[in-house]
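Q: This one is coords28.cif, mmCIF, C-alpha atoms.
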```cif
data_my_file
#
loop_
_atom_site.label_atom_id
_atom_site.label_comp_id
_atom_site.auth_asym_id
_atom_site.auth_seq_id
_atom_site.Cartn_x
_atom_site.Cartn_y
_atom_site.Cartn_z
CA MET A 15 24.91 -1.21 -1.44
CA GLY A 16 21.50 -1.81 0.10
CA ARG A 17 20.94 -2.36 3.77
CA THR A 18 18.28 -3.94 5.90
CA VAL A 19 15.65 -2.12 7.92
CA GLU A 20 16.71 -1.36 11.48
CA ASP A 21 14.07 1.14 12.59
CA VAL A 22 10.35 1.74 12.42
CA ARG A 23 9.06 4.94 10.84
CA PRO A 24 5.63 6.03 9.57
CA THR A 25 5.87 3.94 6.42
CA LEU A 26 3.81 3.35 3.32
CA VAL A 27 4.57 0.89 0.54
CA ILE A 28 3.93 1.63 -3.14
CA LEU A 29 4.16 -1.28 -5.58
CA THR A 30 4.56 -0.86 -9.33
CA ALA A 31 4.89 -3.36 -12.16
CA LEU A 32 6.56 -1.46 -15.00
CA PRO A 33 9.63 0.81 -15.13
CA VAL A 34 7.52 3.72 -16.36
CA GLU A 35 5.27 3.36 -13.29
CA TYR A 36 8.24 3.12 -10.93
CA GLU A 37 9.92 6.24 -12.30
CA ALA A 38 6.68 8.23 -12.17
CA VAL A 39 6.49 7.61 -8.42
CA ARG A 40 10.19 7.85 -7.64
CA GLU A 41 10.60 11.33 -9.11
CA ARG A 42 8.09 12.56 -6.56
CA LEU A 43 10.12 11.27 -3.58
CA THR A 44 13.23 12.75 -1.98
CA GLY A 45 16.24 11.26 -0.21
CA CYS A 46 15.74 7.75 -1.56
CA GLU A 47 17.89 5.01 -0.02
CA PRO A 48 18.05 1.35 -1.08
CA LEU A 49 16.86 -1.38 1.27
CA VAL A 50 17.35 -5.09 0.58
CA HIS A 51 15.27 -7.89 2.11
CA PRO A 52 17.20 -11.09 2.98
CA SER A 53 15.36 -12.81 0.11
CA GLY A 54 16.72 -10.23 -2.34
CA THR A 55 13.58 -8.10 -2.75
CA ARG A 56 14.70 -4.49 -3.16
CA VAL A 57 12.93 -1.25 -2.37
CA GLU A 58 13.92 2.38 -2.31
CA ARG A 59 12.71 4.29 0.71
CA GLY A 60 12.27 8.03 0.41
CA ARG A 61 10.25 10.89 1.82
CA LEU A 62 7.19 12.64 0.46
CA ALA A 63 7.91 16.32 1.03
CA GLY A 64 5.54 18.10 3.38
CA THR A 65 4.44 14.89 5.13
CA GLU A 66 5.67 12.57 7.86
CA TRP A 67 5.60 9.61 5.53
CA HIS A 68 8.49 7.41 4.50
CA VAL A 69 7.54 5.68 1.25
CA ALA A 70 9.06 2.33 0.28
CA LEU A 71 8.84 1.89 -3.48
CA ALA A 72 9.21 -1.43 -5.30
CA GLN A 73 9.02 -2.56 -8.92
CA ILE A 74 7.84 -6.16 -8.87
CA GLY A 75 7.03 -6.99 -12.48
CA GLU A 76 3.70 -8.22 -13.80
CA GLY A 77 1.28 -10.77 -12.35
CA ASN A 78 -0.99 -11.35 -9.38
CA GLN A 79 1.08 -14.18 -7.89
CA THR A 80 4.24 -12.09 -7.57
CA ALA A 81 2.19 -9.15 -6.29
CA ALA A 82 0.72 -11.34 -3.54
CA ILE A 83 4.09 -12.70 -2.41
CA VAL A 84 5.76 -9.28 -2.34
CA THR A 85 2.79 -7.71 -0.53
CA GLU A 86 3.02 -10.28 2.26
CA ARG A 87 6.83 -10.02 2.40
CA LEU A 88 6.95 -6.22 2.62
CA SER A 89 4.09 -6.17 5.11
CA THR A 90 6.05 -8.44 7.46
CA TRP A 91 9.38 -6.70 6.85
CA LEU A 92 8.47 -3.00 6.85
CA SER A 93 5.22 -3.00 8.86
CA PRO A 94 3.63 -0.36 6.60
CA GLN A 95 0.50 1.46 7.67
CA ALA A 96 -0.89 1.14 4.13
CA LEU A 97 0.03 -0.22 0.71
CA PHE A 98 -0.81 1.21 -2.69
CA PHE A 99 -0.52 -0.30 -6.15
CA VAL A 100 0.10 2.54 -8.57
CA GLY A 101 0.31 2.07 -12.32
CA VAL A 102 -1.49 1.84 -15.64
CA ALA A 103 -4.47 -0.18 -16.83
CA GLY A 104 -6.77 -0.73 -19.78
CA GLY A 105 -10.16 0.96 -19.81
CA LEU A 106 -13.31 -1.13 -20.17
CA LYS A 107 -16.00 1.52 -20.55
CA GLU A 108 -16.59 4.14 -23.21
CA GLU A 109 -16.71 6.95 -20.67
CA ILE A 110 -13.28 6.02 -19.25
CA ARG A 111 -10.77 7.99 -21.30
CA ILE A 112 -7.05 7.56 -21.81
CA GLY A 113 -5.33 9.63 -19.13
CA ASP A 114 -8.16 9.24 -16.59
CA VAL A 115 -7.53 7.77 -13.15
CA VAL A 116 -9.44 4.85 -11.66
CA VAL A 117 -9.38 4.36 -7.89
CA GLY A 118 -10.39 0.77 -7.29
CA THR A 119 -13.32 0.55 -4.90
CA ARG A 120 -13.35 -3.23 -5.39
CA VAL A 121 -10.99 -5.69 -7.04
CA TYR A 122 -12.29 -8.72 -8.92
CA ALA A 123 -10.19 -11.84 -9.51
CA TYR A 124 -12.03 -12.63 -12.73
CA HIS A 125 -10.48 -15.92 -13.78
CA GLY A 126 -12.36 -18.09 -11.29
CA GLY A 127 -15.20 -20.14 -12.75
CA LYS A 128 -16.45 -23.38 -14.23
CA GLN A 129 -16.62 -24.10 -17.96
CA THR A 130 -19.44 -26.47 -18.94
CA PRO A 131 -21.20 -27.50 -22.19
CA GLU A 132 -23.92 -25.06 -21.17
CA GLY A 133 -21.46 -22.21 -20.87
CA PHE A 134 -19.18 -20.48 -18.38
CA TYR A 135 -20.29 -20.11 -14.78
CA ALA A 136 -18.38 -17.41 -12.93
CA ARG A 137 -17.05 -18.12 -9.45
CA PRO A 138 -15.84 -14.67 -8.54
CA ARG A 139 -13.59 -13.53 -5.74
CA ALA A 140 -13.69 -9.89 -4.77
CA TRP A 141 -12.14 -7.61 -2.18
CA ASP A 142 -13.35 -4.13 -1.27
CA ALA A 143 -10.87 -1.30 -0.92
CA SER A 144 -9.84 -0.08 2.51
CA HIS A 145 -12.55 2.28 3.75
CA ARG A 146 -9.93 4.55 5.32
CA LEU A 147 -7.95 4.88 2.10
CA GLU A 148 -10.98 5.19 -0.15
CA GLN A 149 -12.40 7.98 1.99
CA THR A 150 -9.05 9.76 2.01
CA ALA A 151 -8.90 9.43 -1.78
CA ARG A 152 -12.39 10.85 -2.22
CA TYR A 153 -11.39 13.82 -0.08
CA ALA A 154 -8.02 14.39 -1.75
CA LEU A 155 -9.13 14.03 -5.38
CA ARG A 156 -11.75 16.76 -5.41
CA GLY A 157 -12.03 20.10 -7.12
CA PRO A 158 -11.43 21.28 -10.68
CA ARG A 159 -7.99 19.72 -10.90
CA TRP A 160 -9.47 16.21 -10.74
CA ARG A 161 -13.08 16.75 -11.81
CA ASP A 162 -14.19 14.33 -14.57
CA ARG A 163 -10.73 12.69 -14.52
CA VAL A 164 -11.11 10.40 -11.48
CA HIS A 165 -13.47 7.43 -11.29
CA PHE A 166 -14.15 5.49 -8.10
CA LYS A 167 -15.11 2.15 -9.59
CA PRO A 168 -14.25 -1.60 -9.45
CA ILE A 169 -11.23 -3.04 -11.26
CA ALA A 170 -10.82 -6.49 -12.81
CA ALA A 171 -7.45 -8.22 -12.34
CA GLY A 172 -6.34 -11.42 -14.06
CA GLU A 173 -3.37 -12.93 -15.84
CA VAL A 174 -4.09 -11.79 -19.41
CA VAL A 175 -3.33 -8.54 -21.22
CA LEU A 176 -6.73 -7.81 -22.77
CA ASN A 177 -6.50 -6.10 -26.18
CA ASP A 178 -9.64 -7.27 -27.95
CA ALA A 179 -13.03 -5.83 -27.06
CA GLU A 180 -14.83 -8.59 -29.01
CA SER A 181 -13.03 -11.56 -27.43
CA ASP A 182 -14.64 -14.24 -25.27
CA LEU A 183 -12.72 -12.85 -22.29
CA ALA A 184 -14.03 -9.34 -22.87
CA ASP A 185 -17.56 -10.71 -23.12
CA GLN A 186 -17.08 -12.72 -19.91
CA ILE A 187 -15.99 -9.61 -18.03
CA ARG A 188 -18.90 -7.56 -19.42
CA ARG A 189 -21.42 -10.20 -18.34
CA HIS A 190 -20.04 -11.22 -14.95
CA TYR A 191 -18.13 -8.11 -13.81
CA ASN A 192 -20.19 -5.46 -15.49
CA ASP A 193 -19.33 -2.66 -13.08
CA ALA A 194 -15.56 -3.03 -13.59
CA VAL A 195 -14.17 -0.09 -15.58
CA ALA A 196 -10.48 -1.06 -15.82
CA ILE A 197 -8.44 -4.23 -16.24
CA GLU A 198 -4.92 -5.10 -15.12
CA MET A 199 -2.77 -7.93 -13.73
CA GLU A 200 -1.71 -7.29 -10.11
CA SER A 201 -4.41 -5.93 -7.81
CA ALA A 202 -6.12 -9.26 -7.07
CA GLY A 203 -2.84 -10.61 -5.71
CA VAL A 204 -2.32 -7.52 -3.57
CA ALA A 205 -5.89 -7.63 -2.24
CA HIS A 206 -5.75 -11.36 -1.47
CA ALA A 207 -2.45 -11.04 0.39
CA ALA A 208 -3.72 -8.06 2.38
CA HIS A 209 -6.79 -10.11 3.33
CA LEU A 210 -4.57 -12.93 4.60
CA VAL A 211 -2.29 -10.52 6.47
CA GLY A 212 -5.42 -9.28 8.19
CA ALA A 213 -4.64 -5.66 9.02
CA LEU A 214 -3.15 -4.03 5.93
CA ASP A 215 -5.03 -1.20 4.23
CA THR A 216 -4.60 -1.33 0.45
CA LEU A 217 -5.74 0.76 -2.49
CA THR A 218 -5.23 0.49 -6.24
CA ILE A 219 -4.72 3.65 -8.31
CA ARG A 220 -4.54 3.19 -12.07
CA GLY A 221 -4.05 5.60 -14.93
CA ILE A 222 -5.79 4.50 -18.13
CA SER A 223 -3.23 3.99 -20.89
CA ASP A 224 -5.37 2.18 -23.50
CA LYS A 225 -8.93 1.04 -24.10
CA ALA A 226 -8.30 -2.75 -24.27
CA ASP A 227 -9.83 -2.67 -27.74
CA GLY A 228 -7.15 -3.81 -30.16
CA ALA A 229 -5.49 -0.41 -30.48
CA LYS A 230 -3.08 -0.72 -27.56
CA HIS A 231 -0.04 -0.41 -29.84
CA LEU A 232 -1.32 2.92 -31.19
CA ALA A 233 -2.03 4.24 -27.70
CA ASP A 234 1.41 3.15 -26.47
CA ALA A 235 3.09 4.79 -29.48
CA SER A 236 1.34 8.06 -28.67
CA GLY A 237 2.97 8.19 -25.22
CA SER A 238 -0.11 7.16 -23.29
CA GLN A 239 1.77 4.99 -20.78
CA PRO A 240 4.02 7.75 -19.36
CA LEU A 241 1.01 10.08 -19.23
CA ALA A 242 -1.16 7.55 -17.43
CA ALA A 243 1.63 6.53 -15.04
CA ALA A 244 2.36 10.17 -14.17
CA THR A 245 -1.31 10.95 -13.54
CA ALA A 246 -1.69 7.87 -11.30
CA ALA A 247 1.45 8.81 -9.36
CA GLN A 248 0.21 12.37 -8.96
CA ALA A 249 -3.11 11.09 -7.62
CA ALA A 250 -1.35 8.73 -5.21
CA MET A 251 0.80 11.56 -3.82
CA ALA A 252 -2.30 13.74 -3.32
CA ILE A 253 -3.95 10.93 -1.35
CA ILE A 254 -0.87 10.26 0.78
CA ALA A 255 -0.52 13.97 1.56
CA GLU A 256 -3.98 13.84 3.17
CA LEU A 257 -3.39 10.56 5.02
CA GLU A 258 -2.52 10.86 8.70
CA PRO A 259 -0.09 8.33 10.23
CA THR A 260 -1.57 6.29 13.05
CA VAL A 261 0.17 5.94 16.41
CA ARG A 262 1.45 2.41 16.80
CA ARG A 263 1.71 0.88 20.23
CA ASN A 264 4.79 -1.15 20.95
CA ALA A 265 6.68 0.12 17.88
CA PRO A 266 10.38 0.09 18.74
CA ASP A 267 10.78 3.84 18.32
CA GLN A 268 7.71 4.59 20.45
CA ARG A 269 8.36 2.47 23.52
CA GLU A 270 9.19 3.99 26.85
CA PRO A 271 12.90 3.72 27.67
CA SER A 272 13.71 0.66 29.69
CA ALA A 273 14.36 1.25 33.39
CA PRO A 274 17.82 0.26 34.64
CA SER A 275 18.07 -3.12 36.28
CA VAL A 276 18.48 -2.39 40.00
CA ARG A 277 17.75 -4.75 42.91
CA TYR A 278 16.64 -3.39 46.26
CA GLY A 279 16.76 -5.07 49.65
CA GLY A 280 13.99 -4.65 52.23
CA ASP A 281 11.62 -1.69 52.29
CA HIS A 282 12.48 1.13 49.96
CA ILE A 283 11.13 4.28 48.29
CA ASP A 284 11.55 4.56 44.52
CA PHE A 285 12.08 8.12 43.26
CA ARG A 286 12.67 7.19 39.62
CA GLY A 287 10.50 9.18 37.21
CA GLY A 288 9.10 11.51 39.91
CA THR A 289 9.80 14.19 42.51
CA PHE A 290 9.18 13.97 46.25
CA TYR A 291 8.93 17.06 48.47
CA GLY A 292 9.50 16.69 52.20
CA PRO A 293 11.79 14.92 54.67
CA VAL A 294 12.59 11.25 54.21
CA THR A 295 13.75 8.76 56.81
CA GLY A 296 15.38 5.66 55.48
CA LYS A 297 18.55 3.69 55.17
CA VAL A 298 21.22 3.04 52.59
CA VAL A 299 22.18 -0.57 52.09
CA ARG A 300 25.59 -1.40 50.67
CA GLY A 301 26.92 -4.72 49.60
CA PRO A 302 27.21 -7.10 46.67
CA GLU A 303 23.60 -8.22 46.97
CA VAL A 304 22.19 -4.79 46.06
CA PRO A 305 24.50 -3.30 43.39
CA GLY A 306 23.85 0.36 42.70
CA ALA A 307 21.43 0.84 45.61
CA ASP A 308 23.50 3.65 47.19
CA ARG A 309 23.93 5.64 43.98
#
```
Would you write out, as structure tokens, the structure that this file holds?
A:
Amino acid sequence: MGRTVEDVRPTLVILTALPVEYEAVRERLTGCEPLVHPSGTRVERGRLAGTEWHVALAQIGEGNQTAAIVTERLSTWLSPQALFFVGVAGGLKEEIRIGDVVVGTRVYAYHGGKQTPEGFYARPRAWDASHRLEQTARYALRGPRWRDRVHFKPIAAGEVVLNDAESDLADQIRRHYNDAVAIEMESAGVAHAAHLVGALDTLTIRGISDKADGAKHLADASGSQPLAAATAAQAAMAIIAELEPTVRRNAPDQREPSAPSVRYGGDHIDFRGGTFYGPVTGKVVRGPEVPGADR
């Protein structure tokens, strides 16, 4: 049975949409325990070995709206120091191969616009990735292990599974969001919610599982989704391993212990929390008005 959060630890949140994404992350965590928000939202909180981090993992299903609501809810509930969306996506560029990883430097909400007899006029919304997380990712995903497999590029997020490279939607994205190299359905919601929260670092990490070109069923049948999900999870763990927790003021587990409630009468010398060397002249006052003063 799940339980609610009662303490504050160095915490990160990882959101996923699909079961294959969730399992790819979970198998890299240890000591997972279920936590249940009063609304019913469930996470499993585990540890990433070799780090101080406690990672709260959630599978939220598809869609930007749900992603936004859960991002805000978990931010308020768990007070994470950062939030990642880790999963799969479709590739939009020829050079982006199945199995590659895209770290989203910017997220486009591509559905905004105005349709007129003269054509479609884009009204884009965009959110840049957290500088702290992007820089950590660039540092962590270096060397031969990741060379030519990781792309730091923008991502387009909407409400449609794109599987036709010649469609009007594909053409719209090419014309108005030409630097986007991957497409998916959750990151705009996450980015918007993080913007409204005001102090939540977020980063999207996506493994490419298809090319959004009409052959998604063939890619899926080849096992591309588990491969892409595993590669994205591996990249996320490498980034988290390099990320240092920040010290939080006023966190419940970091506050100074409360001093006992003692009332003193008249002049007094307070020795609590220190040491005094030398003779002292004073008086001890007893009575109900100053409980504990002679102890």
Q: List the neighbours of segment 230-243 of chain A out to 7 Å using only C-alpha atoms; skip same-chain residues closer than 6 positions along the sequence, and give me the result as a VMD selection string.
A: chain A and resid 34 to 35 38 101 to 102 113 177 221 to 224
Q: Got a sec to resolve the PyMOL selection byres ((chain A and resi 65) around 12) on this structure and send the residues as a list in words?
A: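 Taken on the displayed file, the PyMOL selection byres ((chain A and resi 65) around 12) yields the residues Pro24, Thr25, Leu26, Leu43, Thr44, Gly60, Arg61, Leu62, Ala63, Gly64, Glu66, Trp67, His68, Val69, Met251, Ala252, Ile253, Ile254, Ala255, Glu256, Leu257, Glu258 and Pro259 of chain A.
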Q: So what does the PyMOL selection byres ((chain A and resi 200) around 7) actually pick up in this one, as a ChimeraX atom specification?
A: /A:76-78,81,171,198-199,201-204
Q: Could you please determine the separation between atom CA of Trp91 of chain A and atom CA of His209 of chain A in Å, to one decimal place?
A: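 Between atom CA of Trp91 of chain A and atom CA of His209 of chain A the gap is 16.9 Å.
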Q: Please return the centre and edge lengths, in Å to one decimal, of a box with edges along x, y and z that contains all listed atoms of segment 201-215 of chain A, widened by 8 Å on every side, as JSON.
A:
```
{"center_x": -4.5, "center_y": -7.1, "center_z": 0.6, "size_x": 20.5, "size_y": 27.7, "size_z": 32.8}
```
Q: Would you compute the distance between atom CA of Tyr124 of chain A and atom CA of Gly105 of chain A? Give it in Å to one decimal.
A: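 Taking atom CA of Tyr124 of chain A and atom CA of Gly105 of chain A, their separation equals 15.4 Å.
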Q: What is the atom CA of Val84 of chain A to atom CA of Leu71 of chain A distance in Å?
A: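 Spanning atom CA of Val84 of chain A to atom CA of Leu71 of chain A is a straight-line distance of 11.6 Å.
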Q: Go through A:Ile74, A:Tyr36, A:Gly133, A:Ala170 and flag the residue nearest Asp182 of chain A, using only C-alpha atoms for the distances.
A: A:Gly133
Q: Of the candidates A:Val57, A:Gly172, A:Leu97, A:Gly75, which one gets nearest to Ala140 of chain A if we count all atoms listed in the file?
A: A:Gly172
Q: On this structure, which residues satisfy the PyMOL selection byres ((chain A and resi 141-156) around 8), written as a list in words?
A: Val117, Gly118, Thr119, Arg120, Val121, Tyr122, Arg139, Ala140, Gly157, Pro158, Arg159, Trp160, Arg161, Val164, Ala202, Ala205, His206, Asp215, Thr216, Leu217, Thr218, Ala249, Ala252, Ile253, Glu256 and Leu257 of chain A
Q: Name the residues in contact with Arg220 of chain A at a cut-off of 6 Å, using only C-alpha atoms, excluding same-chain residues fewer than 2 positions from it; report them as an NGL selection string.
A: :A and (100-103 or 115-116 or 246)
Q: Determine the nearest neighbour of Val27 of chain A from the options A:Ser53, A:Thr80, A:Thr90, A:Gln95, counting only C-alpha atoms.
A: A:Gln95
Q: With distances taken over all atoms listed in the file, which residue among A:Tyr191, A:Arg111, A:Arg23, A:Ala31 lies nearest Pro94 of chain A?
A: A:Arg23
Q: Using only C-alpha atoms, which of A:Glu47, A:Ala123, A:Ser93, A:Gly104 sits nearest Asp178 of chain A?
A: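 Of A:Glu47, A:Ala123, A:Ser93, A:Gly104, the one nearest Asp178 of chain A is A:Gly104, counting only C-alpha atoms.
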